[in-house]
file start.txt (compact mmCIF, C-alpha atoms and all ligand atoms)
# COMPACT_ATOMS: atom_id res chain seq x y z
CA MET A 22 18.86 -6.40 -30.31
CA GLU A 23 17.36 -4.31 -27.55
CA ILE A 24 15.22 -1.42 -28.83
CA TYR A 25 14.57 0.99 -26.00
CA THR A 26 12.41 3.73 -27.51
CA ALA A 27 9.04 5.27 -26.65
CA GLU A 28 7.35 3.73 -29.74
CA HIS A 29 8.65 0.24 -29.09
CA LEU A 30 7.89 0.24 -25.37
CA GLN A 31 4.42 1.61 -25.98
CA SER A 32 3.63 -1.09 -28.53
CA VAL A 33 4.97 -3.91 -26.34
CA LEU A 34 3.17 -2.71 -23.22
CA LEU A 35 -0.22 -1.90 -24.78
CA PRO A 36 -2.87 -1.17 -23.48
CA ARG A 37 -1.00 0.20 -20.45
CA PRO A 38 -0.47 3.98 -20.51
CA VAL A 39 3.29 4.53 -20.85
CA ARG A 40 5.52 7.60 -20.76
CA PHE A 41 9.11 7.08 -21.83
CA VAL A 42 11.86 9.66 -21.50
CA GLN A 43 15.45 9.21 -22.57
CA SER A 44 16.88 11.09 -19.62
CA ILE A 45 15.23 12.54 -16.52
CA GLY A 46 16.02 13.76 -13.01
CA SER A 47 13.79 11.20 -11.30
CA THR A 48 10.99 9.11 -12.84
CA ASN A 49 9.16 9.41 -9.52
CA ASP A 50 8.71 13.17 -10.06
CA LEU A 51 7.11 12.78 -13.50
CA ALA A 52 4.95 9.92 -12.20
CA ARG A 53 3.75 12.04 -9.27
CA GLU A 54 2.72 14.87 -11.63
CA TRP A 55 0.88 12.36 -13.79
CA LEU A 56 -0.88 10.91 -10.76
CA GLN A 57 -2.02 14.39 -9.74
CA GLN A 58 -3.28 15.03 -13.27
CA GLY A 59 -5.39 11.84 -13.16
CA GLY A 60 -2.97 9.17 -14.48
CA ALA A 61 -4.52 5.71 -14.26
CA ASN A 62 -3.69 2.94 -11.85
CA GLY A 63 -1.06 0.81 -13.64
CA ALA A 64 0.31 3.63 -15.82
CA VAL A 65 4.10 3.67 -15.93
CA VAL A 66 6.93 6.14 -16.42
CA ILE A 67 10.13 4.66 -17.86
CA ALA A 68 13.50 6.30 -18.45
CA ASP A 69 16.76 5.16 -19.95
CA GLU A 70 18.89 7.42 -17.76
CA GLN A 71 18.27 9.12 -14.43
CA VAL A 72 20.51 11.98 -13.41
CA GLN A 73 19.04 12.76 -10.00
CA GLY A 74 17.64 9.38 -9.01
CA ARG A 75 16.55 9.12 -5.40
CA GLY A 76 17.20 6.21 -3.07
CA ARG A 77 15.91 5.44 0.39
CA MET A 78 16.95 7.46 3.42
CA GLY A 79 17.89 10.56 1.40
CA ARG A 80 20.51 8.79 -0.72
CA SER A 81 20.99 9.09 -4.47
CA TRP A 82 20.46 6.22 -6.94
CA PHE A 83 23.08 5.64 -9.58
CA THR A 84 21.80 4.96 -13.16
CA PRO A 85 24.00 5.62 -16.19
CA PRO A 86 22.31 5.43 -19.64
CA GLY A 87 21.60 2.05 -21.19
CA THR A 88 22.31 0.03 -18.06
CA ALA A 89 19.21 -0.40 -15.93
CA LEU A 90 15.46 -0.62 -15.61
CA ILE A 91 14.19 2.59 -14.12
CA LEU A 92 10.46 2.89 -13.73
CA SER A 93 7.74 4.44 -11.63
CA LEU A 94 4.37 2.74 -11.50
CA LEU A 95 1.24 4.74 -10.65
CA LEU A 96 -0.94 2.98 -8.10
CA ARG A 97 -4.25 3.95 -6.54
CA PRO A 98 -4.57 1.45 -3.70
CA PRO A 99 -7.01 1.70 -0.81
CA VAL A 100 -5.46 3.40 2.26
CA THR A 101 -5.67 0.10 4.14
CA ALA A 102 -3.24 -1.52 1.67
CA LEU A 103 -0.67 1.29 1.60
CA HIS A 104 1.77 -0.48 3.90
CA GLN A 105 1.99 -3.38 1.43
CA VAL A 106 3.08 -1.37 -1.61
CA THR A 107 6.79 -1.98 -0.95
CA MET A 108 6.04 -5.69 -0.44
CA LEU A 109 4.31 -5.68 -3.83
CA GLY A 110 7.43 -4.27 -5.48
CA ALA A 111 9.90 -6.59 -3.77
CA VAL A 112 7.91 -9.79 -4.35
CA SER A 113 7.31 -8.94 -8.03
CA ILE A 114 10.99 -8.19 -8.68
CA ALA A 115 12.01 -11.41 -6.92
CA GLU A 116 9.55 -13.37 -9.07
CA MET A 117 10.94 -11.77 -12.23
CA LEU A 118 14.44 -12.89 -11.22
CA ASP A 119 13.16 -16.43 -10.57
CA GLN A 120 11.68 -16.45 -14.07
CA LEU A 121 15.09 -15.55 -15.49
CA GLY A 122 16.50 -18.63 -13.79
CA ALA A 123 18.39 -16.84 -11.00
CA HIS A 124 18.99 -19.16 -8.05
CA SER A 125 19.88 -17.00 -5.12
CA VAL A 126 17.14 -14.38 -4.85
CA ALA A 127 16.11 -12.89 -1.52
CA ILE A 128 14.63 -9.80 0.09
CA LYS A 129 16.52 -7.86 2.73
CA TRP A 130 14.10 -6.07 5.03
CA PRO A 131 12.31 -3.93 4.19
CA ASN A 132 12.64 -3.89 0.40
CA ASP A 133 16.08 -4.46 -1.07
CA VAL A 134 16.13 -7.32 -3.53
CA LEU A 135 19.33 -9.37 -3.38
CA LEU A 136 20.89 -11.59 -6.02
CA ASN A 137 23.79 -13.75 -4.82
CA GLY A 138 23.72 -11.77 -1.56
CA ARG A 139 24.16 -8.37 -3.22
CA LYS A 140 21.64 -5.65 -3.99
CA VAL A 141 20.28 -5.88 -7.53
CA SER A 142 17.21 -3.70 -7.09
CA GLY A 143 15.83 -0.93 -4.91
CA ILE A 144 12.31 0.35 -4.35
CA LEU A 145 11.16 3.84 -3.43
CA PRO A 146 7.42 4.31 -2.90
CA GLU A 147 6.23 7.91 -2.61
CA THR A 148 2.68 8.66 -1.48
CA THR A 149 0.66 11.70 -2.55
CA TRP A 150 -2.15 13.10 -0.39
CA ASP A 151 -4.72 15.82 -1.00
CA GLY A 152 -5.34 16.86 2.59
CA SER A 153 -6.49 13.64 4.22
CA ARG A 154 -7.48 12.01 0.89
CA LEU A 155 -5.03 9.54 -0.61
CA VAL A 156 -4.36 10.50 -4.23
CA GLY A 157 -2.12 7.51 -4.89
CA VAL A 158 1.36 6.06 -4.70
CA VAL A 159 4.26 6.17 -7.08
CA LEU A 160 6.17 2.91 -6.84
CA GLY A 161 9.71 3.70 -8.01
CA ILE A 162 11.84 0.71 -8.99
CA GLY A 163 15.45 0.54 -10.10
CA VAL A 164 16.95 -2.75 -11.34
CA ASN A 165 20.66 -3.06 -12.17
CA VAL A 166 20.88 -4.83 -15.51
CA ARG A 167 24.41 -4.08 -16.72
CA ILE A 168 25.82 -1.38 -14.45
CA ASP A 169 29.54 -1.89 -13.96
CA PHE A 170 30.22 -1.25 -10.27
CA THR A 171 33.94 -2.00 -10.55
CA GLY A 172 35.97 0.66 -8.78
CA THR A 173 32.90 2.32 -7.21
CA ASN A 174 32.07 2.31 -3.50
CA LEU A 175 29.21 -0.09 -4.33
CA ALA A 176 31.51 -2.78 -5.79
CA ALA A 177 31.21 -5.06 -2.74
CA THR A 178 27.48 -4.68 -2.13
CA ALA A 179 25.78 -4.19 -5.52
CA ILE A 180 25.35 -6.50 -8.50
CA SER A 181 23.85 -6.41 -12.01
CA ILE A 182 21.77 -9.16 -13.58
CA GLU A 183 23.80 -9.73 -16.77
CA PRO A 184 27.17 -10.47 -15.15
CA ALA A 185 25.44 -12.52 -12.44
CA LEU A 186 23.61 -14.73 -14.94
CA GLY A 187 26.38 -14.64 -17.53
CA ARG A 188 24.15 -13.84 -20.49
CA PRO A 189 22.66 -10.79 -22.22
CA ILE A 190 19.30 -9.63 -20.94
CA ASN A 191 16.84 -7.63 -23.03
CA ARG A 192 15.45 -4.77 -20.92
CA VAL A 193 12.14 -4.73 -22.82
CA ASP A 194 11.53 -8.41 -22.03
CA LEU A 195 12.53 -7.76 -18.43
CA LEU A 196 10.15 -4.83 -18.14
CA LYS A 197 7.28 -6.87 -19.56
CA MET A 198 8.01 -9.68 -17.09
CA LEU A 199 8.17 -7.26 -14.17
CA LEU A 200 4.97 -5.41 -15.06
CA ASP A 201 3.11 -8.71 -15.57
CA SER A 202 4.32 -9.85 -12.18
CA LEU A 203 3.29 -6.54 -10.58
CA ASP A 204 -0.19 -6.88 -12.15
CA ARG A 205 -0.58 -10.42 -10.79
CA TRP A 206 0.58 -9.53 -7.29
CA SER A 207 -1.53 -6.32 -7.27
CA LEU A 208 -4.56 -8.59 -7.04
CA HIS A 209 -3.27 -9.65 -3.60
CA LEU A 210 -2.45 -6.15 -2.37
CA GLY A 211 -3.66 -5.74 1.21
CA THR A 212 -3.93 -9.49 1.87
CA GLU A 213 -2.12 -12.18 3.85
CA VAL A 214 -1.11 -13.82 0.55
CA LEU A 215 1.20 -10.95 -0.39
CA PHE A 216 2.50 -10.59 3.17
CA GLU A 217 3.36 -14.30 3.37
CA ALA A 218 5.08 -14.26 -0.04
CA TRP A 219 7.21 -11.31 1.13
CA ARG A 220 7.98 -12.85 4.51
CA ALA A 221 8.98 -16.18 2.96
CA ARG A 222 11.75 -14.44 1.02
CA LEU A 223 13.13 -12.29 3.85
CA VAL A 224 16.76 -13.22 4.60
CA THR A 225 16.73 -10.89 7.57
CA LEU A 226 14.60 -13.05 9.84
CA GLY A 227 16.36 -15.30 12.35
CA THR A 228 19.70 -13.51 11.96
CA ALA A 229 21.80 -11.07 13.92
CA VAL A 230 21.34 -7.57 12.55
CA LEU A 231 22.80 -4.14 12.84
CA ILE A 232 20.21 -1.51 12.04
CA ASP A 233 21.00 2.06 11.07
CA HIS A 234 17.97 4.19 11.52
CA LEU A 235 17.36 7.88 11.78
CA SER A 236 17.88 8.03 15.54
CA GLY A 237 20.96 5.77 15.73
CA GLN A 238 22.06 2.13 15.60
CA LEU A 239 20.56 -1.02 17.02
CA HIS A 240 22.31 -4.39 17.44
CA GLY A 241 20.13 -7.40 17.94
CA PHE A 242 18.40 -10.48 16.62
CA ALA A 243 15.63 -10.12 14.01
CA GLU A 244 12.80 -12.20 15.48
CA SER A 245 9.76 -11.48 13.36
CA VAL A 246 7.85 -9.14 11.07
CA ASP A 247 4.21 -8.24 11.40
CA PRO A 248 1.72 -7.82 8.55
CA SER A 249 2.30 -4.05 8.49
CA GLY A 250 5.95 -4.75 7.63
CA VAL A 251 7.37 -3.71 11.01
CA LEU A 252 10.51 -5.64 12.10
CA ARG A 253 10.90 -6.84 15.69
CA VAL A 254 14.47 -6.94 16.97
CA ARG A 255 15.61 -8.27 20.38
CA ASP A 256 18.73 -6.62 21.78
CA ALA A 257 21.36 -8.25 24.04
CA SER A 258 19.52 -7.15 27.17
CA GLY A 259 16.38 -8.97 26.02
CA ARG A 260 14.44 -5.85 25.10
CA LEU A 261 12.23 -6.09 22.03
CA HIS A 262 12.39 -3.13 19.61
CA THR A 263 9.94 -2.29 16.85
CA VAL A 264 11.68 -0.99 13.74
CA MET A 265 9.61 0.77 11.09
CA ALA A 266 12.33 1.93 8.71
CA GLY A 267 16.06 1.63 8.54
CA ASP A 268 19.03 0.00 6.90
CA VAL A 269 19.97 -3.50 7.89
CA SER A 270 23.39 -5.13 7.83
CA LEU A 271 23.22 -8.88 8.18
CA GLY A 272 25.54 -11.06 10.22
CA GLU A 273 27.07 -10.98 13.69
CA PRO A 274 27.39 -7.43 14.98
CA ASP A 275 30.92 -6.67 16.24
C1 LIG A 301 16.76 2.30 -2.61
O1 LIG A 301 17.48 3.14 -2.06
O2 LIG A 301 16.95 1.10 -2.43
C2 LIG A 301 15.63 2.73 -3.50
C3 LIG A 301 16.07 3.02 -4.90
C4 LIG A 301 14.92 3.39 -5.83
C5 LIG A 301 15.40 3.80 -7.21
C6 LIG A 301 14.28 4.01 -8.16
S1 LIG A 301 14.82 4.23 -9.83
C7 LIG A 301 13.24 4.73 -10.33
C8 LIG A 301 12.68 5.60 -9.23
N1 LIG A 301 13.06 6.98 -9.38
C9 LIG A 301 13.86 7.40 -8.40
O3 LIG A 301 14.35 8.55 -8.32
N2 LIG A 301 14.08 6.40 -7.52
C10 LIG A 301 13.36 5.21 -7.90
call {"tool": "encode", "arguments": {"input": "start.txt", "output": "structure tokens"}}
result
Amino acid sequence: MEIYTAEHLQSVLLPRPVRFVQSIGSTNDLAREWLQQGGANGAVVIADEQVQGRGRMGRSWFTPPGTALILSLLLRPPVTALHQVTMLGAVSIAEMLDQLGAHSVAIKWPNDVLLNGRKVSGILPETTWDGSRLVGVVLGIGVNVRIDFTGTNLAATAISIEPALGRPINRVDLLKMLLDSLDRWSLHLGTEVLFEAWRARLVTLGTAVLIDHLSGQLHGFAESVDPSGVLRVRDASGRLHTVMAGDVSLGEPD
């Protein structure tokens, strides 16, 4: 039986500082306050339900109670490793899925984790500065464990772990696995080792892509990524574009 309470999570995750809330707007907000009040590197905010969860590019993130892992990890990396924080999240989530025995795990640039070609997890890092001094980063992670997407507009693109693997998953075990993986990969933050692990899992490379970014759309071929995470896309006229952020659709553009 899954026991998802503050007492149980705290005891399982000791000695890590943990804050659990049953329901919250966004775990990233509470984590940011904690970071500003001196919360330690590795401390984590966990919620059962999020009612105003944020996604990338100004979207919302859907999390009904009892159905997902929703967490925000406090990190205090050096400024030079900031660009690798999303890689840290994506690689750690992918490793957790491997450990569960999932076969088809991949990362869609820059940081969507896919299971059987559909999005199972999203990552939202938010950085806090005090003037020019980096206070830290909140690494927000949402993992779909048993969200039923049937009849929603996400039915074709999103997936949950339990129906994909065909067995019940205990969220406490999953959380422990994910945090252990994040701790291990944190040791490689800012290095080639983490970059290579992220790149090796990218399904985006070597494919035709359609990129939605803030200033429009780009059709092309995803040629490479560089260690800062930037994607290089060649369009039909042969011009090479550098893409820092955006949403990628895979496959032949029409
Ligand atoms: C994405 O759009 O892919 C990113 C989704 C990130 C969702 C997580 S859930 C925990 C944390 N709190 C939030 O409000 N968002 C992140």
call {"tool": "atom_distance", "arguments": {"input": "start.txt", "atom1": "CA of Thr101 in chain A", "atom2": "CA of Ser202 in chain A"}}
result
21.6 Å
call {"tool": "closest_residue", "arguments": {"input": "start.txt", "among": "A:Val100, A:Asn132, A:Gly63, A:Ala123", "to": "ligand LIG 301 (chain A)", "atoms": "only C-alpha atoms and all ligand atoms"}}
result
A:Asn132
call {"tool": "closest_residue", "arguments": {"input": "start.txt", "among": "A:Arg260, A:Arg188, A:His209, A:Arg37", "to": "Gln105 in chain A", "atoms": "all atoms listed in the file"}}
result
A:His209
call {"tool": "residues_around", "arguments": {"input": "start.txt", "residues": "range 264-266 of chain A", "least_positions_apart": "2", "cutoff": "12 Å", "atoms": "only C-alpha atoms", "output": "ChimeraX atom specification"}}
result
/A:77-78,104,107,130-132,230-255,261-262,268-269
call {"tool": "residues_around", "arguments": {"input": "start.txt", "residues": "range 41-46 of chain A", "least_positions_apart": "6", "cutoff": "12 Å", "atoms": "only C-alpha atoms", "output": "PyMOL selection string"}}
result
chain A and resi 25-32+34+52+64-75+81-87+90-93
call {"tool": "closest_residue", "arguments": {"input": "start.txt", "among": "A:Val224, A:Ala102, A:Ala177, A:Val166", "to": "Val134 in chain A", "atoms": "all atoms listed in the file"}}
result
A:Val224
call {"tool": "residues_around", "arguments": {"input": "start.txt", "residues": "Leu223 in chain A", "least_positions_apart": "2", "cutoff": "8 Å", "atoms": "only C-alpha atoms", "output": "number ranges by chain"}}
result
A: 127-130, 219-221, 225-226
call {"tool": "closest_residue", "arguments": {"input": "start.txt", "among": "A:Arg222, A:Arg53, A:Arg154, A:His124", "to": "ligand LIG 301 (chain A)", "atoms": "all atoms listed in the file"}}
result
A:Arg53
call {"tool": "residues_around", "arguments": {"input": "start.txt", "residues": "Met117 in chain A", "least_positions_apart": "5", "cutoff": "9 Å", "atoms": "only C-alpha atoms", "output": "ChimeraX atom specification"}}
result
/A:112,122,195,198-199,202
